[in-house]
$ cat model_10.cif   # mmCIF, C-alpha atoms
data_coords
#
loop_
_atom_site.label_atom_id
_atom_site.label_comp_id
_atom_site.auth_asym_id
_atom_site.auth_seq_id
_atom_site.Cartn_x
_atom_site.Cartn_y
_atom_site.Cartn_z
CA MET A 1 -19.17 24.93 7.63
CA SER A 2 -17.00 22.96 5.21
CA GLU A 3 -17.05 19.17 5.17
CA GLN A 4 -13.48 19.08 6.49
CA ALA A 5 -14.26 21.51 9.33
CA GLU A 6 -17.35 19.49 10.26
CA ARG A 7 -15.27 16.31 10.31
CA LEU A 8 -12.71 17.93 12.62
CA GLU A 9 -15.42 19.25 14.93
CA ARG A 10 -17.04 15.82 15.19
CA SER A 11 -13.62 14.28 15.90
CA GLU A 12 -13.04 16.76 18.72
CA GLN A 13 -16.39 15.79 20.23
CA GLY A 14 -15.74 12.04 20.21
CA THR A 15 -14.77 9.42 17.64
CA VAL A 16 -12.08 10.44 15.11
CA VAL A 17 -13.82 10.79 11.75
CA ILE A 18 -11.50 9.55 8.99
CA ASP A 19 -11.21 11.86 5.99
CA PRO A 20 -11.72 9.64 2.91
CA SER A 21 -9.78 12.09 0.74
CA GLY A 22 -6.59 11.64 2.79
CA ARG A 23 -5.86 15.38 2.72
CA ASP A 24 -4.00 15.33 6.04
CA ILE A 25 -2.91 11.77 6.75
CA HIS A 26 -0.27 12.67 9.34
CA GLY A 27 -2.38 15.28 11.09
CA GLU A 28 -5.15 12.71 11.38
CA ALA A 29 -2.64 10.11 12.57
CA ALA A 30 -1.50 12.49 15.30
CA ARG A 31 -5.10 12.98 16.44
CA ILE A 32 -5.52 9.20 16.60
CA ARG A 33 -2.32 8.81 18.65
CA GLU A 34 -3.39 11.57 21.04
CA ARG A 35 -6.33 9.40 22.08
CA GLY A 36 -4.11 6.48 23.02
CA PRO A 37 -2.71 3.36 21.34
CA VAL A 38 -6.21 2.16 20.41
CA THR A 39 -9.16 4.44 19.77
CA ARG A 40 -12.48 4.51 17.98
CA VAL A 41 -12.67 5.93 14.47
CA GLU A 42 -15.43 6.39 11.93
CA LEU A 43 -14.78 5.17 8.38
CA PRO A 44 -16.67 6.30 5.25
CA GLY A 45 -20.36 5.49 5.40
CA GLY A 46 -20.41 5.82 9.18
CA VAL A 47 -18.75 2.42 9.70
CA GLN A 48 -17.18 2.21 13.17
CA ALA A 49 -13.77 0.66 13.86
CA TRP A 50 -10.87 0.66 16.32
CA ALA A 51 -7.65 2.29 15.05
CA VAL A 52 -4.45 0.88 16.54
CA SER A 53 -1.41 3.20 16.44
CA SER A 54 1.04 1.43 18.78
CA THR A 55 3.68 -0.70 17.08
CA ASP A 56 3.82 -3.22 19.93
CA LEU A 57 0.05 -3.51 20.26
CA LEU A 58 -0.35 -3.81 16.50
CA LYS A 59 2.20 -6.62 16.38
CA ARG A 60 0.36 -8.49 19.12
CA LEU A 61 -3.04 -8.03 17.48
CA LEU A 62 -1.74 -8.98 14.03
CA THR A 63 -0.52 -12.30 15.41
CA ASP A 64 -3.48 -12.99 17.73
CA ALA A 65 -5.76 -15.86 16.74
CA ARG A 66 -8.68 -13.85 18.16
CA VAL A 67 -8.29 -11.35 15.30
CA SER A 68 -9.52 -12.31 11.82
CA LYS A 69 -9.48 -10.78 8.34
CA ASP A 70 -12.52 -12.75 7.14
CA PRO A 71 -15.69 -10.60 7.11
CA ARG A 72 -17.84 -13.53 6.02
CA GLN A 73 -17.16 -15.31 9.30
CA HIS A 74 -16.49 -12.51 11.75
CA TRP A 75 -17.98 -9.12 10.74
CA PRO A 76 -21.68 -8.77 11.57
CA LEU A 77 -22.11 -5.76 9.25
CA TRP A 78 -21.05 -7.91 6.31
CA ILE A 79 -22.90 -11.01 7.46
CA ASN A 80 -26.12 -9.01 7.89
CA GLY A 81 -25.85 -7.42 4.44
CA GLU A 82 -25.25 -3.90 5.73
CA ILE A 83 -22.16 -3.36 3.54
CA SER A 84 -23.18 -2.54 -0.03
CA PRO A 85 -21.15 -2.69 -3.27
CA GLU A 86 -21.24 1.13 -3.32
CA TRP A 87 -19.16 1.41 -0.12
CA PRO A 88 -15.73 2.92 -0.98
CA LEU A 89 -13.91 0.08 0.79
CA PHE A 90 -16.10 -2.68 -0.64
CA THR A 91 -13.35 -4.30 -2.73
CA TRP A 92 -11.05 -4.37 0.29
CA VAL A 93 -13.42 -6.66 2.20
CA ALA A 94 -15.30 -8.42 -0.62
CA VAL A 95 -12.33 -10.21 -2.20
CA ARG A 96 -11.76 -13.89 -1.56
CA ASN A 97 -8.01 -14.29 -1.28
CA MET A 98 -5.33 -14.61 1.37
CA PHE A 99 -5.82 -10.91 2.27
CA THR A 100 -9.28 -11.66 3.70
CA ALA A 101 -8.72 -15.26 4.81
CA TYR A 102 -8.41 -16.63 8.35
CA GLY A 103 -6.77 -19.64 9.95
CA GLY A 104 -6.45 -22.77 7.83
CA GLU A 105 -8.01 -21.11 4.81
CA HIS A 106 -5.36 -18.38 4.88
CA LYS A 107 -2.63 -20.99 5.18
CA ARG A 108 -3.99 -22.85 2.13
CA LEU A 109 -4.26 -19.74 -0.04
CA ARG A 110 -0.88 -18.32 0.96
CA ALA A 111 0.79 -21.66 0.25
CA LEU A 112 -0.68 -21.72 -3.25
CA VAL A 113 0.45 -18.17 -3.98
CA SER A 114 3.90 -18.81 -2.48
CA LYS A 115 4.41 -21.67 -4.94
CA ALA A 116 4.10 -19.17 -7.77
CA PHE A 117 5.66 -16.08 -6.20
CA THR A 118 9.00 -17.53 -5.12
CA ALA A 119 12.11 -15.78 -3.82
CA ARG A 120 14.03 -17.14 -6.80
CA ARG A 121 11.54 -15.62 -9.25
CA THR A 122 11.81 -12.27 -7.46
CA ALA A 123 15.62 -12.28 -7.41
CA ALA A 124 15.73 -13.12 -11.12
CA LEU A 125 13.88 -9.88 -11.90
CA ARG A 126 16.74 -7.59 -10.89
CA PRO A 127 18.46 -7.34 -14.32
CA ARG A 128 15.12 -6.52 -15.94
CA ILE A 129 14.35 -3.90 -13.27
CA GLU A 130 17.74 -2.30 -13.95
CA GLU A 131 17.02 -2.29 -17.68
CA ILE A 132 13.58 -0.72 -17.27
CA THR A 133 15.02 1.88 -14.90
CA LYS A 134 17.68 2.91 -17.44
CA GLN A 135 15.09 3.17 -20.21
CA LEU A 136 12.88 5.39 -18.05
CA LEU A 137 15.79 7.63 -17.06
CA ASP A 138 16.74 8.01 -20.73
CA ARG A 139 13.18 9.13 -21.47
CA ILE A 140 13.20 11.50 -18.48
CA GLU A 141 16.46 13.06 -19.63
CA GLU A 142 14.96 13.67 -23.05
CA ALA A 143 11.78 15.08 -21.48
CA GLY A 144 13.94 17.39 -19.36
CA ARG A 145 15.41 18.87 -22.53
CA ARG A 146 11.94 19.62 -23.88
CA SER A 147 10.47 21.00 -20.67
CA GLU A 148 11.87 22.64 -17.56
CA VAL A 149 9.63 20.57 -15.29
CA VAL A 150 9.18 16.77 -15.28
CA ASP A 151 6.57 14.94 -13.20
CA LEU A 152 8.57 12.09 -11.68
CA ARG A 153 5.53 10.30 -10.30
CA GLU A 154 4.12 10.11 -13.80
CA GLU A 155 7.38 9.44 -15.63
CA PHE A 156 9.28 7.28 -13.13
CA CYS A 157 7.58 6.28 -9.89
CA TYR A 158 4.51 4.89 -11.68
CA PRO A 159 5.84 3.25 -14.86
CA LEU A 160 8.62 1.24 -13.21
CA PRO A 161 6.42 -0.83 -10.84
CA ILE A 162 3.61 -1.08 -13.41
CA GLN A 163 5.91 -2.44 -16.09
CA VAL A 164 7.53 -4.87 -13.65
CA ILE A 165 4.22 -6.20 -12.33
CA SER A 166 2.74 -6.36 -15.84
CA GLU A 167 5.62 -8.45 -17.12
CA LEU A 168 5.60 -10.59 -13.98
CA PHE A 169 1.92 -11.47 -14.49
CA GLY A 170 2.00 -11.58 -18.28
CA LEU A 171 -0.29 -8.59 -18.78
CA PRO A 172 -0.35 -7.30 -22.37
CA GLU A 173 1.45 -3.96 -22.71
CA GLN A 174 -1.64 -2.29 -24.20
CA LYS A 175 -3.57 -3.05 -21.00
CA GLY A 176 -1.20 -0.97 -18.86
CA ALA A 177 -3.32 2.20 -18.90
CA GLU A 178 -6.49 0.33 -17.91
CA LEU A 179 -4.62 -1.51 -15.16
CA ARG A 180 -3.40 1.76 -13.72
CA ALA A 181 -6.86 3.33 -13.87
CA VAL A 182 -8.65 0.50 -12.09
CA VAL A 183 -6.00 0.09 -9.39
CA ASP A 184 -6.08 3.84 -8.73
CA GLY A 185 -9.84 3.45 -8.40
CA VAL A 186 -9.52 0.67 -5.83
CA PHE A 187 -7.31 2.91 -3.66
CA ASN A 188 -9.52 5.98 -4.11
CA THR A 189 -11.42 6.01 -0.81
CA ALA A 190 -13.13 9.28 -1.77
CA ALA A 191 -14.81 7.68 -4.80
CA THR A 192 -18.53 8.14 -5.41
CA PRO A 193 -20.84 5.07 -5.30
CA GLU A 194 -21.05 5.16 -9.10
CA GLU A 195 -17.26 5.23 -9.43
CA VAL A 196 -16.90 2.33 -6.98
CA THR A 197 -19.25 0.03 -8.91
CA ASP A 198 -17.72 1.05 -12.26
CA ILE A 199 -14.16 0.31 -11.09
CA TYR A 200 -15.26 -3.02 -9.61
CA ALA A 201 -16.80 -4.10 -12.93
CA ARG A 202 -13.80 -2.92 -15.00
CA LEU A 203 -11.33 -4.60 -12.65
CA TYR A 204 -12.91 -8.03 -12.96
CA ALA A 205 -13.49 -7.67 -16.69
CA ALA A 206 -9.79 -6.97 -17.24
CA LEU A 207 -8.63 -9.82 -15.01
CA GLY A 208 -11.18 -12.23 -16.50
CA GLU A 209 -9.75 -11.52 -19.95
CA LEU A 210 -6.22 -12.10 -18.64
CA VAL A 211 -7.09 -15.47 -17.09
CA ALA A 212 -8.91 -16.63 -20.23
CA ALA A 213 -5.92 -15.69 -22.38
CA LYS A 214 -3.46 -17.50 -20.10
CA ARG A 215 -5.59 -20.63 -20.00
CA GLU A 216 -5.53 -20.71 -23.78
CA SER A 217 -1.82 -19.82 -24.07
CA PRO A 218 0.08 -20.32 -20.79
CA GLY A 219 3.40 -18.54 -20.41
CA ASP A 220 6.30 -18.14 -18.01
CA ASP A 221 4.39 -15.70 -15.83
CA LEU A 222 2.70 -15.58 -12.44
CA THR A 223 -0.84 -15.68 -13.82
CA SER A 224 -0.10 -19.00 -15.55
CA ALA A 225 1.66 -20.25 -12.42
CA LEU A 226 -1.34 -19.36 -10.23
CA ILE A 227 -3.72 -21.12 -12.62
CA SER A 228 -1.70 -24.34 -12.40
CA ALA A 229 -0.62 -24.19 -8.73
CA ARG A 230 -1.87 -27.08 -6.58
CA ASP A 231 -2.10 -27.61 -2.85
CA ASP A 232 0.39 -30.26 -1.68
CA GLU A 233 -2.02 -31.84 0.78
CA GLY A 234 -5.37 -31.92 -0.98
CA GLY A 235 -4.27 -31.33 -4.54
CA THR A 236 -6.73 -28.44 -4.76
CA ARG A 237 -6.30 -25.35 -6.89
CA LEU A 238 -7.52 -21.82 -6.48
CA SER A 239 -11.22 -21.52 -7.26
CA GLU A 240 -12.13 -19.14 -10.09
CA GLN A 241 -13.08 -16.38 -7.64
CA GLU A 242 -9.99 -17.00 -5.52
CA LEU A 243 -7.82 -16.80 -8.64
CA LEU A 244 -9.32 -13.49 -9.77
CA ASP A 245 -9.19 -12.03 -6.27
CA THR A 246 -5.59 -13.16 -5.79
CA LEU A 247 -4.71 -11.31 -8.98
CA VAL A 248 -6.51 -8.24 -7.59
CA LEU A 249 -4.34 -8.42 -4.49
CA MET A 250 -1.02 -9.18 -6.14
CA ILE A 251 -1.32 -6.66 -8.97
CA SER A 252 -2.74 -3.77 -6.94
CA ALA A 253 -0.52 -4.24 -3.89
CA GLY A 254 2.39 -5.09 -6.18
CA HIS A 255 2.57 -1.69 -7.76
CA GLU A 256 0.70 0.96 -5.75
CA THR A 257 2.81 0.53 -2.62
CA THR A 258 6.07 0.60 -4.61
CA VAL A 259 4.95 3.72 -6.48
CA ASN A 260 4.42 5.46 -3.13
CA LEU A 261 7.68 4.16 -1.67
CA ILE A 262 9.75 5.54 -4.55
CA ASP A 263 7.73 8.77 -4.68
CA ASN A 264 8.02 9.40 -0.93
CA ALA A 265 11.74 8.54 -0.84
CA ILE A 266 12.53 10.99 -3.65
CA HIS A 267 10.43 13.71 -2.04
CA ALA A 268 12.03 13.13 1.37
CA LEU A 269 15.55 13.39 -0.03
CA LEU A 270 14.76 16.51 -2.07
CA THR A 271 13.17 18.25 0.92
CA HIS A 272 15.96 17.10 3.25
CA PRO A 273 19.19 17.71 1.29
CA GLU A 274 21.28 17.06 4.40
CA GLN A 275 19.97 13.48 4.38
CA LEU A 276 20.92 13.03 0.73
CA ALA A 277 24.36 14.37 1.67
CA HIS A 278 24.68 11.59 4.28
CA VAL A 279 24.07 9.01 1.57
CA ARG A 280 26.47 10.58 -0.90
CA ALA A 281 29.17 10.81 1.77
CA GLY A 282 28.72 7.16 2.74
CA ARG A 283 27.39 7.94 6.22
CA ALA A 284 24.18 6.10 5.31
CA GLY A 285 23.15 3.68 2.56
CA TRP A 286 20.20 3.40 0.20
CA ASP A 287 18.73 0.68 2.39
CA ASP A 288 18.67 3.26 5.20
CA VAL A 289 16.75 5.63 2.91
CA ILE A 290 14.23 2.93 2.03
CA GLU A 291 13.60 1.76 5.60
CA GLU A 292 13.35 5.30 7.00
CA THR A 293 10.93 6.23 4.21
CA LEU A 294 8.82 3.17 4.99
CA ARG A 295 8.75 4.22 8.64
CA VAL A 296 8.05 7.93 8.33
CA GLN A 297 5.93 7.79 5.15
CA ALA A 298 4.24 4.38 5.15
CA PRO A 299 3.06 3.72 1.54
CA VAL A 300 -0.14 2.28 3.01
CA ALA A 301 -1.23 4.69 5.73
CA SER A 302 -4.08 2.62 7.17
CA LEU A 303 -5.14 -0.87 6.17
CA PRO A 304 -8.73 -2.14 6.45
CA LEU A 305 -9.96 -4.36 8.04
CA ARG A 306 -9.64 -6.95 10.77
CA TYR A 307 -12.35 -8.23 13.14
CA ALA A 308 -12.43 -9.51 16.69
CA VAL A 309 -13.36 -13.21 16.72
CA GLU A 310 -14.19 -12.85 20.42
CA ASP A 311 -13.91 -10.09 23.01
CA VAL A 312 -10.29 -8.92 23.18
CA ALA A 313 -9.14 -7.07 26.32
CA VAL A 314 -6.25 -5.04 24.97
CA GLY A 315 -4.81 -4.58 28.46
CA GLY A 316 -3.74 -8.20 28.29
CA LEU A 317 -1.74 -7.38 25.15
CA GLY A 318 0.14 -4.46 26.66
CA GLY A 319 -2.51 -1.90 25.71
CA PRO A 320 -4.58 0.33 27.99
CA SER A 321 -6.52 -1.54 30.64
CA GLY A 322 -10.28 -1.28 30.51
CA VAL A 323 -10.45 -1.15 26.69
CA VAL A 324 -12.20 -4.15 25.15
CA ILE A 325 -12.60 -4.72 21.43
CA ARG A 326 -15.90 -6.57 21.35
CA LYS A 327 -16.59 -9.64 19.24
CA GLY A 328 -17.38 -8.61 15.67
CA GLU A 329 -15.95 -5.10 15.92
CA ALA A 330 -13.68 -3.91 13.12
CA ILE A 331 -10.01 -2.98 13.52
CA LEU A 332 -7.99 -0.56 11.38
CA ALA A 333 -4.20 -1.02 11.29
CA ALA A 334 -2.93 2.59 11.47
CA TYR A 335 0.54 2.05 10.01
CA ALA A 336 1.30 5.73 9.34
CA ALA A 337 0.38 6.61 12.91
CA ALA A 338 2.51 3.78 14.31
CA GLY A 339 5.52 4.71 12.17
CA ARG A 340 5.66 8.16 13.75
CA ASN A 341 4.72 7.13 17.28
CA PRO A 342 6.99 8.97 19.78
CA VAL A 343 6.63 6.07 22.22
CA ASP A 344 8.45 3.87 19.71
CA HIS A 345 10.78 6.37 18.01
CA GLY A 346 11.31 9.25 20.42
CA ALA A 347 10.32 12.90 20.34
CA ASP A 348 11.65 13.31 16.78
CA ALA A 349 9.58 10.40 15.43
CA GLY A 350 8.15 12.60 12.67
CA VAL A 351 11.61 13.58 11.40
CA PHE A 352 13.13 11.87 8.33
CA ASP A 353 16.61 10.79 9.45
CA VAL A 354 18.50 8.17 7.45
CA THR A 355 21.10 7.84 10.24
CA ARG A 356 18.43 6.86 12.79
CA LEU A 357 19.39 3.63 14.55
CA GLY A 358 15.86 2.35 15.18
CA LYS A 359 13.88 2.27 11.94
CA GLU A 360 11.40 -0.45 12.88
CA HIS A 361 8.12 -0.17 10.99
CA LEU A 362 5.12 -2.23 9.97
CA ALA A 363 4.81 -0.84 6.43
CA PHE A 364 4.61 -4.38 5.00
CA GLY A 365 2.46 -5.76 7.80
CA HIS A 366 3.40 -8.37 10.37
CA GLY A 367 2.81 -12.04 11.13
CA VAL A 368 1.11 -14.47 8.78
CA HIS A 369 -0.20 -11.62 6.60
CA PHE A 370 3.25 -10.07 6.05
CA CYS A 371 3.42 -8.88 2.45
CA LEU A 372 4.81 -11.52 0.07
CA GLY A 373 5.87 -8.76 -2.31
CA ALA A 374 8.04 -6.87 0.20
CA PRO A 375 11.36 -8.14 -1.28
CA LEU A 376 10.25 -7.06 -4.77
CA GLY A 377 9.20 -3.58 -3.61
CA ARG A 378 12.46 -3.07 -1.76
CA MET A 379 14.45 -4.30 -4.77
CA GLU A 380 12.72 -1.89 -7.14
CA ALA A 381 13.42 1.04 -4.81
CA ARG A 382 17.01 -0.16 -4.27
CA VAL A 383 17.60 -0.06 -8.03
CA ALA A 384 15.58 3.07 -8.86
CA LEU A 385 16.76 5.55 -6.22
CA PRO A 386 20.55 5.47 -6.69
CA ALA A 387 20.11 5.33 -10.47
CA LEU A 388 17.97 8.48 -10.43
CA PHE A 389 20.25 10.52 -8.16
CA ASP A 390 23.40 9.36 -9.98
CA ARG A 391 21.95 10.37 -13.35
CA PHE A 392 20.64 13.74 -12.13
CA PRO A 393 22.87 14.94 -9.25
CA GLY A 394 21.40 18.46 -9.43
CA ILE A 395 17.74 17.38 -9.32
CA ARG A 396 15.45 19.58 -7.24
CA LEU A 397 11.75 20.03 -6.59
CA ALA A 398 9.94 22.38 -8.93
CA ALA A 399 7.37 23.22 -6.24
CA GLY A 400 7.52 23.54 -2.49
CA GLY A 401 6.81 20.31 -0.66
CA SER A 402 3.85 21.82 1.15
CA ARG A 403 2.09 22.48 -2.15
CA LEU A 404 2.12 18.90 -3.39
CA GLU A 405 -1.36 17.38 -3.36
CA PRO A 406 -1.84 13.92 -1.80
CA VAL A 407 -3.60 11.13 -3.66
CA ALA A 408 -7.30 10.89 -2.82
CA SER A 409 -7.08 8.10 -0.28
CA PHE A 410 -6.66 7.46 3.43
CA ILE A 411 -5.15 4.08 2.52
CA SER A 412 -2.61 5.02 -0.17
CA ASN A 413 -0.02 7.58 0.98
CA GLY A 414 1.63 9.39 -1.92
CA HIS A 415 1.53 12.51 -4.08
CA ARG A 416 -0.66 13.16 -7.11
CA THR A 417 2.36 14.66 -8.87
CA LEU A 418 6.07 15.02 -8.12
CA PRO A 419 7.32 17.90 -10.29
CA VAL A 420 11.11 18.33 -10.47
CA ARG A 421 13.72 20.26 -12.38
CA LEU A 422 16.57 18.16 -13.75
CA ALA A 423 19.29 20.73 -13.16
CA ALA A 424 21.96 18.45 -14.57
CA VAL A 425 20.38 18.41 -18.02
CA GLY A 426 21.76 21.11 -20.30
#
$ encode --input "model_10.cif" --output "structure tokens"
Amino acid sequence: MSEQAERLERSEQGTVVIDPSGRDIHGEAARIRERGPVTRVELPGGVQAWAVSSTDLLKRLLTDARVSKDPRQHWPLWINGEISPEWPLFTWVAVRNMFTAYGGEHKRLRALVSKAFTARRTAALRPRIEEITKQLLDRIEEAGRRSEVVDLREEFCYPLPIQVISELFGLPEQKGAELRAVVDGVFNTAATPEEVTDIYARLYAALGELVAAKRESPGDDLTSALISARDDEGGTRLSEQELLDTLVLMISAGHETTVNLIDNAIHALLTHPEQLAHVRAGRAGWDDVIEETLRVQAPVASLPLRYAVEDVAVGGLGGPSGVVIRKGEAILAAYAAAGRNPVDHGADAGVFDVTRLGKEHLAFGHGVHFCLGAPLGRMEARVALPALFDRFPGIRLAAGGSRLEPVASFISNGHRTLPVRLAAVG
């Protein structure tokens, strides 16, 4: 019996066993939903958690003070030393930044980051994003003359967010390839123990070099701003570990999710030409494309982890009565499952429809942990998508959508490649 077949059989017998390779994210999400708005799942390494696939219940849990993101205070497996550095999700729980902070500590860390990552700084990036987009499209047009098939994920979806985030944080251009490699490694939930420890070491080596360089020669970039940011109340700064881990969060989340958003939006429009026709005819806008993509193809399919600070009876939050998430148990936010939940979006919840009236989603989270980079990700997609389809009106997929391989992750939701033919190029 294959590993995948064994996983499915075990899921049918009881707890849903999450496939770390992410080969069938939406099929797995459907199996999670079938078991109700909250159900037990098994993560890599046999780690048990509760997956929540109801939008309303997720929103209530994400804003409930009885739910924490700090494993050091509230996850017995971490506290007891049962989570090793070889665990594929180790980086996701080991970091010390606002992603894994709780209560007052989260408020302190988010305030420090917000001082550096302002709305004004984000808005000022638009002309540069437009410039980078044009440069990439020029290169793609040239590549289309040399070859019938162009991989848009490689040539467009990836380089745009990487270049933007690199410039935003003052990363040297020559470090771009290493940045991409280590971030891909962080999101690879099918990685071997050796790969996990190697990526962890390379990630902190690269960021340590960046911080040292910016301390010696500060610039007009977010790394320098984070180094100098102070708390208004206590005058405190980010500790060295908090600084490095904040960079891990901002750089990885700042490009991987946007890569997937642009990738999934292009794929959705090319596999649903009637939806692209709505946009071109003015019956829907590019913002509709972006929000519907975020709903039906959440760039982050499932996000680890949260922990119950005390027993939480989900019936009191609008969930099924009789289900109790016990103190110390882990919670997985199943965003892909929630985005396609028929209870929230009707019987056609799995259908990509840019004219849909209700496009509510949790792709950027909810509550105090709502993604600070959401405006930047939306802006990049808002610039990139119309520019691509205006430049290449005859663009089409070079392979059937069903044959595109997903990235090796149950967290990151995107394609390994996005091969297209630029029909407009002669």
$ closest_atom_pairs --input "model_10.cif" --of "segment 231-342 of chain A" --to "segment 20-31 of chain A" --cutoff "8 Å" --atoms "all atoms listed in the file" --output "tab-separated table"
residue	atom	partner	partner_atom	distance
A:Ala301	CA	A:Ile25	CA	7.3
A:Ala334	CA	A:Ala29	CA	7.6
A:Ala336	CA	A:Ala29	CA	6.7
A:Ala337	CA	A:Ala29	CA	4.6
$ resolve_selection --input "model_10.cif" --expression "the PyMOL selection byres ((chain A and resi 52-58) around 6)" --output "list of chain:residue names"
A:Pro37, A:Val38, A:Ala51, A:Lys59, A:Arg60, A:Leu61, A:Leu62, A:Ala333, A:Ala334, A:Ala337, A:Ala338
$ resolve_selection --input "model_10.cif" --expression "the PyMOL selection byres ((chain A and resi 286) around 10)" --output "PyMOL selection string"
chain A and resi 265+276+279-280+282+284-285+287-292+354+381-383+385-386
$ resolve_selection --input "model_10.cif" --expression "the PyMOL selection byres ((chain A and resi 409) around 8)" --output "ChimeraX atom specification"
/A:20-23,187-190,406-408,410-413
$ residues_around --input "model_10.cif" --residues "Leu305 of chain A" --least-positions-apart "6" --cutoff "7 Å" --atoms "only C-alpha atoms" --output "list in words"
Lys69, Ala330, Ile331 and Leu332 of chain A
$ residues_near_point --input "model_10.cif" --point "(-13.0, 11.0, 9.8)" --cutoff "6 Å" --atoms "only C-alpha atoms" --output "number ranges by chain"
A: 7, 16-19, 42
$ write_last_selection --input "model_10.cif" --atoms "C-alpha atoms" --output "PDB file, in the frame of the given file"
ATOM      1  CA  ARG A   7     -15.270  16.310  10.310  1.00  0.00           C
ATOM      2  CA  VAL A  16     -12.080  10.440  15.110  1.00  0.00           C
ATOM      3  CA  VAL A  17     -13.820  10.790  11.750  1.00  0.00           C
ATOM      4  CA  ILE A  18     -11.500   9.550   8.990  1.00  0.00           C
ATOM      5  CA  ASP A  19     -11.210  11.860   5.990  1.00  0.00           C
ATOM      6  CA  GLU A  42     -15.430   6.390  11.930  1.00  0.00           C
TER       7      GLU A  42
END
$ closest_residue --input "model_10.cif" --among "A:Gly358, A:Gly36, A:Gly365, A:Gly377" --to "Pro320 of chain A" --atoms "all atoms listed in the file"
A:Gly36
$ closest_residue --input "model_10.cif" --among "A:Val309, A:Val296, A:Leu388, A:Ala253" --to "Asp348 of chain A" --atoms "only C-alpha atoms"
A:Val296
$ atom_distance --input "model_10.cif" --atom1 "atom CA of Thr223 of chain A" --atom2 "atom CA of Arg237 of chain A"
13.1 Å
$ residues_around --input "model_10.cif" --residues "segment 96-109 of chain A" --least-positions-apart "6" --cutoff "8 Å" --atoms "all atoms listed in the file" --output "count of residues only"
14
$ closest_residue --input "model_10.cif" --among "A:Thr122, A:Ser224, A:Gln297, A:Thr355" --to "Asn260 of chain A" --atoms "only C-alpha atoms"
A:Gln297
$ atom_distance --input "model_10.cif" --atom1 "atom CA of Pro218 of chain A" --atom2 "atom CA of Ile129 of chain A"
23.0 Å
